[in-house]
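> Have a peek at upload-v2.csv (CSV, N, CA and C atoms).
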chain,number,residue,atom,x,y,z
A,265,MET,N,-59.2,-15.8,-36.2
A,265,MET,CA,-58.1,-15.1,-35.5
A,265,MET,C,-56.8,-15.6,-36.0
A,266,PRO,N,-55.7,-14.7,-35.9
A,266,PRO,CA,-54.4,-15.1,-36.5
A,266,PRO,C,-53.6,-15.9,-35.6
A,267,GLY,N,-54.0,-16.4,-34.4
A,267,GLY,CA,-53.1,-17.1,-33.5
A,267,GLY,C,-52.4,-16.1,-32.6
A,268,VAL,N,-51.4,-16.6,-32.0
A,268,VAL,CA,-50.6,-15.7,-31.1
A,268,VAL,C,-50.0,-14.6,-31.9
A,269,ILE,N,-50.1,-13.4,-31.4
A,269,ILE,CA,-49.4,-12.2,-32.1
A,269,ILE,C,-48.4,-11.7,-31.1
A,270,GLU,N,-47.2,-11.6,-31.6
A,270,GLU,CA,-46.0,-11.2,-30.7
A,270,GLU,C,-45.3,-10.1,-31.4
A,271,PRO,N,-44.5,-9.4,-30.6
A,271,PRO,CA,-43.6,-8.4,-31.2
A,271,PRO,C,-42.7,-9.0,-32.3
A,272,GLY,N,-42.6,-8.4,-33.4
A,272,GLY,CA,-41.8,-8.9,-34.5
A,272,GLY,C,-42.7,-9.5,-35.6
A,273,ASP,N,-43.9,-9.8,-35.3
A,273,ASP,CA,-44.9,-10.3,-36.3
A,273,ASP,C,-45.1,-9.1,-37.3
A,274,THR,N,-45.4,-9.5,-38.5
A,274,THR,CA,-45.7,-8.5,-39.5
A,274,THR,C,-47.0,-8.7,-40.3
A,275,PHE,N,-47.6,-7.6,-40.7
A,275,PHE,CA,-48.9,-7.7,-41.4
A,275,PHE,C,-48.9,-6.7,-42.5
A,276,LEU,N,-49.5,-7.1,-43.6
A,276,LEU,CA,-49.8,-6.1,-44.7
A,276,LEU,C,-51.2,-5.5,-44.4
A,277,ILE,N,-51.3,-4.2,-44.3
A,277,ILE,CA,-52.5,-3.5,-44.0
A,277,ILE,C,-52.8,-2.5,-45.1
A,278,VAL,N,-54.0,-2.5,-45.6
A,278,VAL,CA,-54.4,-1.5,-46.6
A,278,VAL,C,-54.4,-0.1,-46.0
A,279,THR,N,-53.6,0.8,-46.7
A,279,THR,CA,-53.4,2.2,-46.2
A,279,THR,C,-54.1,3.2,-47.1
A,280,SER,N,-54.5,2.7,-48.2
A,280,SER,CA,-55.3,3.6,-49.1
A,280,SER,C,-56.3,2.8,-49.8
A,281,PRO,N,-57.5,2.6,-49.2
A,281,PRO,CA,-58.5,1.8,-49.7
A,281,PRO,C,-59.0,2.1,-51.2
A,282,THR,N,-58.9,3.3,-51.6
A,282,THR,CA,-59.4,3.6,-53.0
A,282,THR,C,-58.5,3.1,-54.0
A,283,VAL,N,-57.2,2.9,-53.7
A,283,VAL,CA,-56.3,2.3,-54.7
A,283,VAL,C,-55.7,1.0,-54.3
A,284,GLY,N,-56.1,0.5,-53.1
A,284,GLY,CA,-55.7,-0.8,-52.6
A,284,GLY,C,-54.3,-0.9,-52.2
A,285,MET,N,-53.7,0.3,-51.9
A,285,MET,CA,-52.3,0.3,-51.5
A,285,MET,C,-52.1,-0.4,-50.1
A,286,LYS,N,-51.1,-1.2,-50.0
A,286,LYS,CA,-50.8,-1.9,-48.7
A,286,LYS,C,-49.4,-1.6,-48.2
A,287,HIS,N,-49.2,-1.5,-46.9
A,287,HIS,CA,-47.9,-1.3,-46.3
A,287,HIS,C,-47.7,-2.4,-45.3
A,288,LEU,N,-46.4,-2.7,-45.2
A,288,LEU,CA,-46.0,-3.7,-44.2
A,288,LEU,C,-46.0,-2.9,-42.9
A,289,HIS,N,-46.5,-3.6,-41.8
A,289,HIS,CA,-46.6,-3.0,-40.5
A,289,HIS,C,-45.9,-4.1,-39.5
A,290,ILE,N,-45.2,-3.6,-38.6
A,290,ILE,CA,-44.4,-4.4,-37.6
A,290,ILE,C,-45.0,-4.3,-36.2
A,291,VAL,N,-45.4,-5.4,-35.6
A,291,VAL,CA,-45.9,-5.4,-34.2
A,291,VAL,C,-44.7,-5.1,-33.3
A,292,ILE,N,-44.9,-4.0,-32.4
A,292,ILE,CA,-43.8,-3.7,-31.5
A,292,ILE,C,-44.3,-3.7,-30.0
A,293,SER,N,-45.4,-4.4,-29.8
A,293,SER,CA,-45.8,-4.5,-28.4
A,293,SER,C,-46.5,-5.9,-28.2
A,294,ARG,N,-46.6,-6.2,-26.9
A,294,ARG,CA,-47.5,-7.4,-26.5
A,294,ARG,C,-48.9,-6.8,-26.4
A,295,ALA,N,-49.8,-7.7,-26.1
A,295,ALA,CA,-51.2,-7.2,-25.9
A,295,ALA,C,-51.4,-6.2,-24.8
A,296,PHE,N,-52.2,-5.2,-25.1
A,296,PHE,CA,-52.6,-4.2,-24.1
A,296,PHE,C,-54.0,-3.8,-24.3
A,297,ASN,N,-54.7,-3.2,-23.4
A,297,ASN,CA,-56.1,-2.8,-23.4
A,297,ASN,C,-57.0,-4.0,-23.4
A,298,GLU,N,-58.3,-3.6,-23.4
A,298,GLU,CA,-59.4,-4.6,-23.5
A,298,GLU,C,-60.4,-4.0,-24.4
A,299,PRO,N,-60.7,-4.7,-25.5
A,299,PRO,CA,-60.2,-5.9,-26.0
A,299,PRO,C,-58.7,-5.8,-26.4
A,300,PRO,N,-58.0,-6.9,-26.4
A,300,PRO,CA,-56.6,-6.8,-26.6
A,300,PRO,C,-56.2,-6.2,-28.0
A,301,ALA,N,-55.2,-5.3,-27.9
A,301,ALA,CA,-54.7,-4.6,-29.1
A,301,ALA,C,-53.2,-4.7,-29.1
A,302,ARG,N,-52.6,-4.4,-30.3
A,302,ARG,CA,-51.1,-4.3,-30.4
A,302,ARG,C,-50.8,-3.0,-31.0
A,303,LEU,N,-49.5,-2.6,-30.8
A,303,LEU,CA,-49.0,-1.4,-31.4
A,303,LEU,C,-48.2,-1.8,-32.6
A,304,LEU,N,-48.4,-1.2,-33.7
A,304,LEU,CA,-47.7,-1.5,-35.0
A,304,LEU,C,-47.1,-0.2,-35.6
A,305,ILE,N,-46.0,-0.4,-36.3
A,305,ILE,CA,-45.4,0.7,-36.9
A,305,ILE,C,-45.3,0.4,-38.4
A,306,PRO,N,-45.7,1.3,-39.3
A,306,PRO,CA,-45.7,1.0,-40.7
A,306,PRO,C,-44.3,1.2,-41.3
A,307,VAL,N,-44.0,0.5,-42.4
A,307,VAL,CA,-42.7,0.5,-43.0
A,307,VAL,C,-43.0,1.2,-44.4
A,308,THR,N,-42.1,2.1,-44.9
A,308,THR,CA,-42.3,2.7,-46.2
A,308,THR,C,-40.9,2.8,-46.8
A,309,THR,N,-41.0,3.0,-48.1
A,309,THR,CA,-39.7,3.1,-48.9
A,309,THR,C,-38.9,4.4,-48.5
A,310,ALA,N,-37.6,4.2,-48.5
A,310,ALA,CA,-36.8,5.4,-48.3
A,310,ALA,C,-36.4,6.1,-49.6
A,311,LYS,N,-36.8,5.5,-50.7
A,311,LYS,CA,-36.5,6.0,-52.1
A,311,LYS,C,-37.2,7.3,-52.3
A,312,ASN,N,-36.5,8.3,-52.7
A,312,ASN,CA,-37.0,9.6,-53.1
A,312,ASN,C,-37.7,10.3,-51.9
A,313,ARG,N,-37.3,10.0,-50.7
A,313,ARG,CA,-37.9,10.6,-49.5
A,313,ARG,C,-36.8,11.5,-48.8
A,314,HIS,N,-37.3,12.6,-48.3
A,314,HIS,CA,-36.3,13.5,-47.6
A,314,HIS,C,-36.9,13.8,-46.3
A,315,GLY,N,-36.1,13.8,-45.3
A,315,GLY,CA,-36.5,14.2,-43.9
A,315,GLY,C,-37.1,13.0,-43.1
A,316,GLU,N,-36.9,11.8,-43.6
A,316,GLU,CA,-37.5,10.7,-42.9
A,316,GLU,C,-36.8,10.4,-41.6
A,317,ASP,N,-37.4,9.7,-40.7
A,317,ASP,CA,-36.8,9.3,-39.5
A,317,ASP,C,-35.8,8.2,-39.7
A,318,SER,N,-34.6,8.4,-39.5
A,318,SER,CA,-33.6,7.4,-39.8
A,318,SER,C,-33.2,6.6,-38.5
A,319,SER,N,-34.1,6.6,-37.6
A,319,SER,CA,-33.9,5.8,-36.3
A,319,SER,C,-33.7,4.3,-36.6
A,320,CYS,N,-34.4,3.8,-37.7
A,320,CYS,CA,-34.3,2.4,-38.1
A,320,CYS,C,-34.6,2.3,-39.6
A,321,VAL,N,-33.5,2.0,-40.3
A,321,VAL,CA,-33.6,1.8,-41.7
A,321,VAL,C,-33.5,0.3,-42.0
A,322,LEU,N,-34.4,-0.3,-42.7
A,322,LEU,CA,-34.3,-1.7,-43.0
A,322,LEU,C,-34.0,-1.9,-44.5
A,323,ASP,N,-33.3,-3.0,-44.8
A,323,ASP,CA,-32.9,-3.2,-46.2
A,323,ASP,C,-33.2,-4.6,-46.7
A,324,VAL,N,-32.9,-4.8,-47.9
A,324,VAL,CA,-33.1,-6.2,-48.5
A,324,VAL,C,-32.4,-7.2,-47.6
A,325,GLY,N,-33.1,-8.3,-47.3
A,325,GLY,CA,-32.6,-9.3,-46.4
A,325,GLY,C,-33.1,-9.2,-45.0
A,326,ASP,N,-33.6,-8.0,-44.6
A,326,ASP,CA,-34.2,-7.8,-43.2
A,326,ASP,C,-35.5,-8.4,-43.1
A,327,HIS,N,-36.3,-8.5,-44.2
A,327,HIS,CA,-37.6,-9.1,-44.3
A,327,HIS,C,-37.9,-9.5,-45.7
A,328,PRO,N,-38.5,-10.6,-46.0
A,328,PRO,CA,-38.8,-11.0,-47.4
A,328,PRO,C,-39.6,-10.0,-48.2
A,329,PHE,N,-40.4,-9.2,-47.6
A,329,PHE,CA,-41.3,-8.2,-48.3
A,329,PHE,C,-40.5,-7.0,-48.7
A,330,ILE,N,-39.4,-6.7,-48.1
A,330,ILE,CA,-38.6,-5.5,-48.3
A,330,ILE,C,-37.7,-5.7,-49.5
A,331,GLU,N,-37.8,-4.8,-50.5
A,331,GLU,CA,-37.1,-5.0,-51.8
A,331,GLU,C,-36.0,-3.9,-51.9
A,332,HIS,N,-36.1,-2.9,-51.1
A,332,HIS,CA,-35.1,-1.8,-51.1
A,332,HIS,C,-35.1,-1.1,-49.8
A,333,ALA,N,-34.1,-0.2,-49.6
A,333,ALA,CA,-34.1,0.5,-48.3
A,333,ALA,C,-35.4,1.1,-47.9
A,334,SER,N,-35.8,0.9,-46.7
A,334,SER,CA,-37.1,1.3,-46.1
A,334,SER,C,-36.9,1.8,-44.7
A,335,PHE,N,-37.8,2.7,-44.3
A,335,PHE,CA,-37.7,3.1,-42.9
A,335,PHE,C,-39.0,3.0,-42.2
A,336,LEU,N,-38.9,3.0,-40.9
A,336,LEU,CA,-40.2,2.9,-40.1
A,336,LEU,C,-40.7,4.2,-39.8
A,337,LEU,N,-42.0,4.4,-40.0
A,337,LEU,CA,-42.7,5.6,-39.7
A,337,LEU,C,-43.2,5.7,-38.3
A,338,TYR,N,-42.2,5.9,-37.4
A,338,TYR,CA,-42.6,5.9,-36.0
A,338,TYR,C,-43.5,7.1,-35.6
A,339,GLU,N,-43.6,8.0,-36.5
A,339,GLU,CA,-44.6,9.1,-36.2
A,339,GLU,C,-46.0,8.8,-36.5
A,340,THR,N,-46.3,7.6,-37.1
A,340,THR,CA,-47.7,7.2,-37.4
A,340,THR,C,-47.9,5.8,-36.8
A,341,PRO,N,-47.7,5.6,-35.5
A,341,PRO,CA,-48.0,4.3,-35.0
A,341,PRO,C,-49.5,3.9,-35.1
A,342,ARG,N,-49.8,2.7,-35.2
A,342,ARG,CA,-51.2,2.3,-35.3
A,342,ARG,C,-51.5,1.2,-34.3
A,343,VAL,N,-52.6,1.4,-33.6
A,343,VAL,CA,-53.1,0.5,-32.6
A,343,VAL,C,-54.2,-0.4,-33.3
A,344,CYS,N,-54.0,-1.7,-33.3
A,344,CYS,CA,-54.9,-2.6,-34.0
A,344,CYS,C,-55.4,-3.7,-33.0
A,345,SER,N,-56.7,-4.0,-33.1
A,345,SER,CA,-57.2,-5.0,-32.3
A,345,SER,C,-56.8,-6.4,-32.9
A,346,GLU,N,-56.9,-7.4,-32.0
A,346,GLU,CA,-56.6,-8.8,-32.5
A,346,GLU,C,-57.6,-9.1,-33.6
A,347,GLN,N,-58.9,-8.7,-33.4
A,347,GLN,CA,-59.9,-9.0,-34.4
A,347,GLN,C,-59.6,-8.4,-35.7
A,348,PHE,N,-59.1,-7.2,-35.7
A,348,PHE,CA,-58.8,-6.5,-37.0
A,348,PHE,C,-57.6,-7.2,-37.7
A,349,LEU,N,-56.6,-7.6,-36.9
A,349,LEU,CA,-55.4,-8.2,-37.4
A,349,LEU,C,-55.8,-9.6,-38.0
A,350,GLY,N,-56.7,-10.2,-37.4
A,350,GLY,CA,-57.1,-11.6,-37.8
A,350,GLY,C,-58.1,-11.6,-39.0
A,351,THR,N,-58.7,-10.4,-39.3
A,351,THR,CA,-59.7,-10.5,-40.4
A,351,THR,C,-59.5,-9.5,-41.5
A,352,LYS,N,-58.7,-8.4,-41.2
A,352,LYS,CA,-58.6,-7.3,-42.2
A,352,LYS,C,-57.2,-7.1,-42.7
A,353,THR,N,-56.3,-8.1,-42.5
A,353,THR,CA,-54.9,-7.9,-42.8
A,353,THR,C,-54.4,-9.2,-43.5
A,354,GLU,N,-53.2,-9.2,-44.0
A,354,GLU,CA,-52.5,-10.3,-44.5
A,354,GLU,C,-51.2,-10.5,-43.7
A,355,ARG,N,-51.2,-11.7,-43.0
A,355,ARG,CA,-50.0,-11.9,-42.1
A,355,ARG,C,-48.8,-12.3,-43.0
A,356,LYS,N,-47.7,-11.7,-42.6
A,356,LYS,CA,-46.4,-12.0,-43.3
A,356,LYS,C,-45.5,-12.7,-42.3
A,357,SER,N,-44.2,-12.9,-42.7
A,357,SER,CA,-43.3,-13.6,-41.9
A,357,SER,C,-42.8,-12.7,-40.7
A,358,ARG,N,-42.4,-13.4,-39.7
A,358,ARG,CA,-41.9,-12.8,-38.5
A,358,ARG,C,-40.5,-12.3,-38.7
A,359,LEU,N,-40.2,-11.1,-38.1
A,359,LEU,CA,-38.8,-10.6,-38.1
A,359,LEU,C,-37.8,-11.5,-37.4
A,360,GLU,N,-36.6,-11.6,-37.9
A,360,GLU,CA,-35.6,-12.3,-37.2
A,360,GLU,C,-35.3,-11.4,-35.9
A,361,PRO,N,-34.8,-12.1,-34.8
A,361,PRO,CA,-34.5,-11.4,-33.6
A,361,PRO,C,-33.6,-10.2,-33.7
A,362,ARG,N,-32.6,-10.2,-34.6
A,362,ARG,CA,-31.6,-9.1,-34.7
A,362,ARG,C,-32.4,-7.9,-35.3
A,363,VAL,N,-33.3,-8.2,-36.2
A,363,VAL,CA,-34.1,-7.1,-36.9
A,363,VAL,C,-35.1,-6.5,-35.9
A,364,LEU,N,-35.7,-7.3,-35.1
A,364,LEU,CA,-36.6,-6.8,-34.1
A,364,LEU,C,-35.9,-5.9,-33.1
A,365,VAL,N,-34.7,-6.3,-32.7
A,365,VAL,CA,-33.8,-5.5,-31.8
A,365,VAL,C,-33.6,-4.1,-32.4
A,366,ALA,N,-33.3,-4.1,-33.7
A,366,ALA,CA,-33.1,-2.8,-34.4
A,366,ALA,C,-34.3,-2.0,-34.4
A,367,VAL,N,-35.5,-2.6,-34.6
A,367,VAL,CA,-36.8,-1.9,-34.7
A,367,VAL,C,-37.1,-1.3,-33.3
A,368,LEU,N,-36.9,-2.1,-32.2
A,368,LEU,CA,-37.2,-1.6,-30.9
A,368,LEU,C,-36.2,-0.5,-30.5
A,369,ASN,N,-34.9,-0.7,-30.8
A,369,ASN,CA,-33.9,0.4,-30.6
A,369,ASN,C,-34.3,1.7,-31.2
A,370,GLY,N,-34.8,1.5,-32.5
A,370,GLY,CA,-35.2,2.7,-33.3
A,370,GLY,C,-36.4,3.4,-32.6
A,371,ALA,N,-37.4,2.5,-32.1
A,371,ALA,CA,-38.6,3.1,-31.5
A,371,ALA,C,-38.2,3.9,-30.2
A,372,LEU,N,-37.3,3.4,-29.4
A,372,LEU,CA,-36.9,4.1,-28.2
A,372,LEU,C,-36.0,5.3,-28.5
A,373,ARG,N,-35.3,5.3,-29.6
A,373,ARG,CA,-34.4,6.4,-30.0
A,373,ARG,C,-35.2,7.5,-30.8
A,374,SER,N,-36.2,7.1,-31.5
A,374,SER,CA,-36.9,8.1,-32.4
A,374,SER,C,-37.5,9.3,-31.7
A,375,ARG,N,-37.3,10.4,-32.2
A,375,ARG,CA,-38.0,11.6,-31.6
A,375,ARG,C,-39.4,11.7,-32.1
A,376,TRP,N,-39.8,10.9,-33.0
A,376,TRP,CA,-41.2,10.9,-33.6
A,376,TRP,C,-42.2,10.0,-32.8
A,377,LEU,N,-41.7,8.9,-32.2
A,377,LEU,CA,-42.7,8.0,-31.6
A,377,LEU,C,-43.1,8.7,-30.3
A,378,PRO,N,-44.4,8.9,-30.1
A,378,PRO,CA,-44.9,9.5,-28.9
A,378,PRO,C,-44.4,8.8,-27.6
A,379,VAL,N,-44.2,9.6,-26.6
A,379,VAL,CA,-43.7,9.1,-25.3
A,379,VAL,C,-44.5,8.0,-24.7
A,380,LYS,N,-45.9,8.1,-24.8
A,380,LYS,CA,-46.7,7.1,-24.2
A,380,LYS,C,-46.4,5.7,-24.8
A,381,TRP,N,-46.0,5.6,-26.1
A,381,TRP,CA,-45.7,4.3,-26.7
A,381,TRP,C,-44.3,3.8,-26.3
A,382,LYS,N,-43.4,4.8,-26.1
A,382,LYS,CA,-42.1,4.4,-25.6
A,382,LYS,C,-42.3,3.8,-24.2
A,383,LYS,N,-43.1,4.4,-23.4
A,383,LYS,CA,-43.4,3.9,-22.0
A,383,LYS,C,-44.0,2.5,-22.1
A,384,LEU,N,-44.9,2.3,-23.0
A,384,LEU,CA,-45.5,1.0,-23.1
A,384,LEU,C,-44.4,-0.1,-23.4
A,385,ILE,N,-43.5,0.2,-24.3
A,385,ILE,CA,-42.4,-0.7,-24.7
A,385,ILE,C,-41.6,-1.0,-23.4
A,386,GLU,N,-41.3,0.1,-22.7
A,386,GLU,CA,-40.5,-0.1,-21.4
A,386,GLU,C,-41.3,-0.9,-20.4
A,387,LEU,N,-42.6,-0.6,-20.2
A,387,LEU,CA,-43.4,-1.3,-19.2
A,387,LEU,C,-43.5,-2.7,-19.6
A,388,GLN,N,-43.6,-3.1,-20.8
A,388,GLN,CA,-43.7,-4.5,-21.2
A,388,GLN,C,-42.3,-5.2,-21.3
A,389,ARG,N,-41.3,-4.4,-20.8
A,389,ARG,CA,-40.0,-5.0,-20.8
A,389,ARG,C,-39.5,-5.5,-22.1
A,390,LEU,N,-39.8,-4.7,-23.2
A,390,LEU,CA,-39.4,-5.1,-24.5
A,390,LEU,C,-38.1,-4.4,-24.8
A,391,ARG,N,-37.2,-4.5,-23.9
A,391,ARG,CA,-35.9,-3.9,-24.1
A,391,ARG,C,-35.1,-4.6,-25.2
A,392,PRO,N,-34.4,-3.8,-26.0
A,392,PRO,CA,-33.7,-4.3,-27.1
A,392,PRO,C,-32.7,-5.4,-26.7
A,393,ASP,N,-32.2,-5.4,-25.5
A,393,ASP,CA,-31.2,-6.5,-25.1
A,393,ASP,C,-31.9,-7.8,-24.6
A,394,GLU,N,-33.2,-7.8,-24.7
A,394,GLU,CA,-33.9,-9.1,-24.2
A,394,GLU,C,-34.0,-10.1,-25.4
Let me see the file written as structure tokens.

Amino acid sequence: MPGVIEPGDTFLIVTSPTVGMKHLHIVISRAFNEPPARLLIPVTTAKNRHGEDSSCVLDVGDHPFIEHASFLLYETPRVCSEQFLGTKTERKSRLEPRVLVAVLNGALRSRWLPVKWKKLIELQRLRPDE
């Protein structure tokens, strides 16, 4: 198991098994459900992309894995069990608090993140000003 998993933790998750492509994912919730799970948002490059959700754009310096402007794919949130995160992913460094605030602000602002996940963030009192 990966130890305590909190909002702002990041993981590399295989998104295309046939080619081994991995994307950085950011945890944006505390534990919910049984067995415990977390809500994660994938990060992808903003290079050569049109129409992306600009609710939160991350850049070099926001996380060691990010090498150029990237955005969060709030339209494709992922629910992962603690077991999955502990065995099928590669844990990366935690976001700095200022970056987590931007990610949570983006989640609440995004028109793409389903309302049920926005309600979870609010229910868990993961307000950006906390």
> Compare A:Leu304, A:Phe348, A:Ala310, A:Asp317 by their minimum atom-to-atom distance to A:His332, counting all atoms listed in the file, and give me the closest one.
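Using all atoms listed in the file, A:His332 sits closest to A:Ala310.
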> Mind checking which residues fall within 7 Å of stretch 334-344 of chain A, counting all atoms listed in the file, ignoring those fewer than 2 positions away in the same chain, and posting them as a PyMOL selection string?
chain A and resi 300-311+317-324+332+346-349+371+376-378
> Could you jot down the atom CA of A:Ser357 to atom CA of A:Val379 separation for me, Å, one decimal place?
28.1 Å
> DSSP on the backbone, strand (DSSP E) only: what residues of chain A does that give? Format it as a PyMOL selection string.
chain A and resi 274-280+285-291+301-309+321-322+334-336+342-345+354-356
> Quick check, in Å to one decimal: how far apart do atom CA of A:Leu390 and atom CA of A:Phe329 lie?
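Straight-line distance from atom CA of A:Leu390 to atom CA of A:Phe329 works out to 24.1 Å.
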> Smallest atom-to-atom distance to A:Gly370: which of A:Glu298, A:His327, A:Ile292, A:Gly350, using only C-alpha atoms?
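For A:Gly370, the nearest of the given residues is A:Ile292.
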